[in-house]
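Undergrad: This structure is in structure tokens; I'll ask about it shortly.
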Amino acid sequence: MAIDSFMGKDLKDFRHEDLMKLNRTQIMELFLLLDAPSMQEMKGEYRAALLDSGYIINMFLAKLYLHFTWGDWQHKAFEPLSQQHGQGYNTFITTQLKLYENYFVAVVMKILSVLRSLFRLSNPQRLARIMLNKTSIVSSVFDGRSSFQLSYRDYNTFFANTMKDEVRKMNDNLFLGIGRLTVTFGKFNPMPFVLIGPPDRWVGPDIEYRDS
């Protein structure tokens with residue numbers, strides 16, 4: 001169901017600033033018109049940003065989860081392993097020497113980091129590569145068509161392990177994503193985001209992928 005334009009603008013001319021102007025209803029309408037990227041073309045570290053989540057509480061939870069807990073969210077990264085599956089991670093700007101995948105430990109460490117900063121004991125900023133996921137091509141929960149999916153179940157703790165993202169392609173350097181958490185009503189409460197290319201090279205996460 002490939003389309004060439006949306007709301008009177010060619011998809012090839014869309015920039016992430018254009019998506020920032022759309023409300024959640026418009027974003028979902030657009031998502032349902034797009035096609036999935038192939039596994040092979042999603043490779044490297046793509047800049048990432050949140051879009052309109054509809055409700056203030058959603059924006060608060062997203063900011064708490066993606067910006068306060070681990071640091072300022074920067075990228076989603078992907079590495080294809082076959083035509084149908086791959087792996088990925090997220091990146092965050094942080095002053096902590098180590099970031100933890102366990103959400104509850106990460107919150108405690110963030111609080112300690114804030115306390116340290118009050119005494120000017122913070123470390124220099126760095127880019128951390130954590131929050132691992134598995135990628136695959138699946139049938140979307142929203143319309144049954146193909147989507148590029150990120151699943152966090154195998155590498156994260158509650159509530160992060162209830163998260164799944166779906167991604168579809170707008171143009172060669174712009175991808176629209178829809179996140180959902182089971183604990184926030186799943187597909188009935190979508191949380192959109194955008195991925196922006198061209199991607200930086202794949203580096204790999206700070207911790208190794210484990211078999212699961």
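In the structure tokens, chains take the letters A, B, ... in the order shown, each chain's residues start at 1, and ligands count up from 1 in the order shown.
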Sorted by chain and rising residue number, list the residues of segment 41-157 of chain A at most 10 Å from segment 19-35 of chain A (counting only C-alpha atoms), each with its closest atom pair and distance in Å to one decimal, as JSON lines.

TA:
{"residue": "A:Ala49", "atom": "CA", "partner": "A:Met20", "partner_atom": "CA", "distance": 9.2}
{"residue": "A:Leu50", "atom": "CA", "partner": "A:Met20", "partner_atom": "CA", "distance": 8.4}
{"residue": "A:Leu51", "atom": "CA", "partner": "A:Met20", "partner_atom": "CA", "distance": 5.8}
{"residue": "A:Asp52", "atom": "CA", "partner": "A:Arg24", "partner_atom": "CA", "distance": 5.4}
{"residue": "A:Ser53", "atom": "CA", "partner": "A:Arg24", "partner_atom": "CA", "distance": 5.9}
{"residue": "A:Gly54", "atom": "CA", "partner": "A:Arg24", "partner_atom": "CA", "distance": 5.5}
{"residue": "A:Tyr55", "atom": "CA", "partner": "A:Arg24", "partner_atom": "CA", "distance": 9.2}
{"residue": "A:Ser140", "atom": "CA", "partner": "A:Leu32", "partner_atom": "CA", "distance": 9.6}
{"residue": "A:Phe142", "atom": "CA", "partner": "A:Leu32", "partner_atom": "CA", "distance": 7.7}
{"residue": "A:Asp143", "atom": "CA", "partner": "A:Leu32", "partner_atom": "CA", "distance": 7.0}
{"residue": "A:Gly144", "atom": "CA", "partner": "A:Leu32", "partner_atom": "CA", "distance": 9.9}
{"residue": "A:Arg145", "atom": "CA", "partner": "A:Asp35", "partner_atom": "CA", "distance": 8.1}
{"residue": "A:Ser146", "atom": "CA", "partner": "A:Asp35", "partner_atom": "CA", "distance": 7.1}
{"residue": "A:Ser147", "atom": "CA", "partner": "A:Asp35", "partner_atom": "CA", "distance": 7.2}
{"residue": "A:Phe148", "atom": "CA", "partner": "A:Asp35", "partner_atom": "CA", "distance": 9.3}

Undergrad: With C-alpha atoms retained, could you export that selection as a PDB file, in the first residue's frame?

TA:
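File written: part.pdb
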ATOM      1  CA  ALA A  49      12.785  11.710  18.906  1.00  0.00           C
ATOM      2  CA  LEU A  50       9.375  11.460  20.519  1.00  0.00           C
ATOM      3  CA  LEU A  51       6.242  12.644  18.715  1.00  0.00           C
ATOM      4  CA  ASP A  52       2.820  13.610  20.041  1.00  0.00           C
ATOM      5  CA  SER A  53       1.574  10.905  22.417  1.00  0.00           C
ATOM      6  CA  GLY A  54      -1.939  12.263  22.767  1.00  0.00           C
ATOM      7  CA  TYR A  55      -2.171  12.618  26.532  1.00  0.00           C
ATOM      8  CA  SER A 140       1.264  -5.378  12.730  1.00  0.00           C
ATOM      9  CA  PHE A 142      -2.641  -2.239  14.199  1.00  0.00           C
ATOM     10  CA  ASP A 143      -3.602  -3.376  10.695  1.00  0.00           C
ATOM     11  CA  GLY A 144      -2.189  -6.882  10.082  1.00  0.00           C
ATOM     12  CA  ARG A 145       0.300  -5.647   7.471  1.00  0.00           C
ATOM     13  CA  SER A 146       4.076  -6.023   7.696  1.00  0.00           C
ATOM     14  CA  SER A 147       6.017  -3.939  10.199  1.00  0.00           C
ATOM     15  CA  PHE A 148       9.613  -3.823  11.382  1.00  0.00           C
TER      16      PHE A 148
END

Undergrad: What residues in segment 142-198 of chain A get the DSSP label helix (DSSP H, G or I)? Please answer as a list of chain:residue names.

TA: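 Of segment 142-198 of chain A, the ones in helix (DSSP H, G or I) are A:Ala160, A:Asn161, A:Thr162, A:Thr182, A:Val183, A:Thr184, A:Gly186, A:Lys187, A:Phe188.
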
Undergrad: For the residues selected in the previous step, produce a file with C-alpha atoms as a short mmCIF file (atom, residue, chain, number, x, y, z; two decimals), in the first residue's frame.

TA:
data_model
loop_
_atom_site.label_atom_id
_atom_site.label_comp_id
_atom_site.auth_asym_id
_atom_site.auth_seq_id
_atom_site.Cartn_x
_atom_site.Cartn_y
_atom_site.Cartn_z
CA ALA A 160 10.43 -2.34 29.84
CA ASN A 161 9.99 -6.01 28.94
CA THR A 162 6.35 -5.30 28.01
CA THR A 182 1.31 -3.65 27.83
CA VAL A 183 1.15 -1.83 31.18
CA THR A 184 -0.20 1.32 29.46
CA GLY A 186 -0.78 -1.66 24.55
CA LYS A 187 -2.06 -0.91 21.05
CA PHE A 188 -4.93 1.13 22.46
#

Undergrad: Figure out the distance between atom CA of Phe78 of chain A and atom CA of Glu208 of chain A, please, to one decimal in Å.

TA: 14.5 Å

Undergrad: Counting only C-alpha atoms, figure out which residue out of A:Thr157, A:Gln74, A:Ser82, A:Ser139 gets nearest to Val194 of chain A.

TA: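 Answer, going by the shortest atom-to-atom distance: A:Gln74.
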
Undergrad: Find, counting only C-alpha atoms, the residue in A:Gly71, A:Pro198, A:Gly86, A:Pro192 that gets nearest to Ser113 of chain A.

TA: A:Gly71

Undergrad: Check the DSSP output for the backbone and give back, as a ChimeraX atom specification, the residues of segment 22-205 of chain A in strand (DSSP E or B).

TA: /A:35,44-50,72-80,85-94,126-139,146-151,163-171,174-181,191-200

Undergrad: Which polymer residues have any atom within 7 Å of an atom of Asn171 of chain A, counting only C-alpha atoms, with same-chain residues fewer than 4 positions away left out, as a VMD selection string?

TA: chain A and resid 11 to 12 175

Undergrad: Output N, CA and C atoms for every residue in the selection just made, as a tab-separated table (two decimals), in the first residue's frame.

TA:
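And here's part_28.tsv as it stands now:
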chain	number	residue	atom	x	y	z
A	11	LEU	N	6.02	12.43	0.37
A	11	LEU	CA	6.74	11.76	1.46
A	11	LEU	C	8.24	11.95	1.35
A	12	LYS	N	8.75	12.01	0.14
A	12	LYS	CA	10.19	12.17	-0.03
A	12	LYS	C	10.68	13.51	0.50
A	175	PHE	N	11.77	7.46	9.26
A	175	PHE	CA	11.00	6.27	9.60
A	175	PHE	C	10.08	6.61	10.77

Undergrad: Name all residues at most 7 Å from segment 123-131 of chain A (count only C-alpha atoms; drop same-chain ones fewer than 6 positions away) and give them as a list in words.

TA: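 The contact residues come out as Tyr89, Asn90, Thr91, Phe92, Ile93, Thr94, Thr95, Gln96, Glu101, Pro205 and Asp206 of chain A.
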
Undergrad: Would you mind exporting N, CA and C atoms of the selected residues as an mmCIF file, in the first residue's frame?

TA:
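Listed below is the output, part_8.cif:
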data_model
loop_
_atom_site.group_PDB
_atom_site.id
_atom_site.type_symbol
_atom_site.label_atom_id
_atom_site.label_comp_id
_atom_site.auth_asym_id
_atom_site.auth_seq_id
_atom_site.Cartn_x
_atom_site.Cartn_y
_atom_site.Cartn_z
ATOM 1 N N TYR A 89 19.650 -1.770 19.859
ATOM 2 C CA TYR A 89 19.824 -1.138 21.173
ATOM 3 C C TYR A 89 19.432 0.326 21.062
ATOM 4 N N ASN A 90 19.406 1.016 22.204
ATOM 5 C CA ASN A 90 19.160 2.452 22.266
ATOM 6 C C ASN A 90 20.401 3.143 22.811
ATOM 7 N N THR A 91 20.541 4.428 22.546
ATOM 8 C CA THR A 91 21.653 5.174 23.122
ATOM 9 C C THR A 91 21.124 6.328 23.964
ATOM 10 N N PHE A 92 21.906 6.667 24.984
ATOM 11 C CA PHE A 92 21.553 7.738 25.908
ATOM 12 C C PHE A 92 22.804 8.536 26.266
ATOM 13 N N ILE A 93 22.638 9.846 26.411
ATOM 14 C CA ILE A 93 23.701 10.683 26.957
ATOM 15 C C ILE A 93 23.609 10.618 28.473
ATOM 16 N N THR A 94 24.698 10.277 29.130
ATOM 17 C CA THR A 94 24.687 10.125 30.577
ATOM 18 C C THR A 94 26.023 10.558 31.167
ATOM 19 N N THR A 95 26.008 10.840 32.470
ATOM 20 C CA THR A 95 27.247 11.094 33.204
ATOM 21 C C THR A 95 27.600 9.913 34.096
ATOM 22 N N GLN A 96 26.743 8.863 34.087
ATOM 23 C CA GLN A 96 27.021 7.696 34.913
ATOM 24 C C GLN A 96 28.073 6.816 34.253
ATOM 25 N N GLU A 101 20.494 -2.235 32.691
ATOM 26 C CA GLU A 101 19.284 -2.588 31.967
ATOM 27 C C GLU A 101 18.093 -2.732 32.912
ATOM 28 N N PRO A 205 26.273 -2.769 21.528
ATOM 29 C CA PRO A 205 25.893 -2.337 22.878
ATOM 30 C C PRO A 205 27.043 -2.446 23.874
ATOM 31 N N ASP A 206 26.861 -1.770 25.010
ATOM 32 C CA ASP A 206 27.878 -1.795 26.070
ATOM 33 C C ASP A 206 27.962 -3.147 26.756
#

Undergrad: I'd like to know which of A:Thr69, A:Ser117, A:Thr135, A:Asn58 is closest to Tyr100 of chain A, using only C-alpha atoms.

TA: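 Among the listed residues, A:Thr69 lies closest to Tyr100 of chain A.
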
Undergrad: With distances taken over only C-alpha atoms, which residue among A:Phe60, A:Tyr155, A:Trp73, A:Phe104 lies nearest Tyr46 of chain A?

TA: A:Trp73

Undergrad: Of the candidates A:Leu64, A:Val203, A:Met163, A:Val141, which one gets nearest to Lys110 of chain A if we count only C-alpha atoms?

TA: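 Among the listed residues, A:Leu64 lies closest to Lys110 of chain A.
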
Undergrad: Go ahead and compute the interatomic distance for atom CA of Glu45 of chain A and atom CA of Glu79 of chain A, in Å to one decimal.

TA: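 Distance reported for this atom pair: 9.2 Å.
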
Undergrad: Which residue is closest to Asn173 of chain A? Choose from A:Met39, A:Met191, A:Ala48, A:Leu115 and count only C-alpha atoms.

TA: A:Ala48

Undergrad: Take atom CA of Ser38 of chain A and atom CA of Ile207 of chain A and report the distance between them in Å, one decimal.

TA: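 We find that atom CA of Ser38 of chain A and atom CA of Ile207 of chain A lie 26.2 Å from each other.
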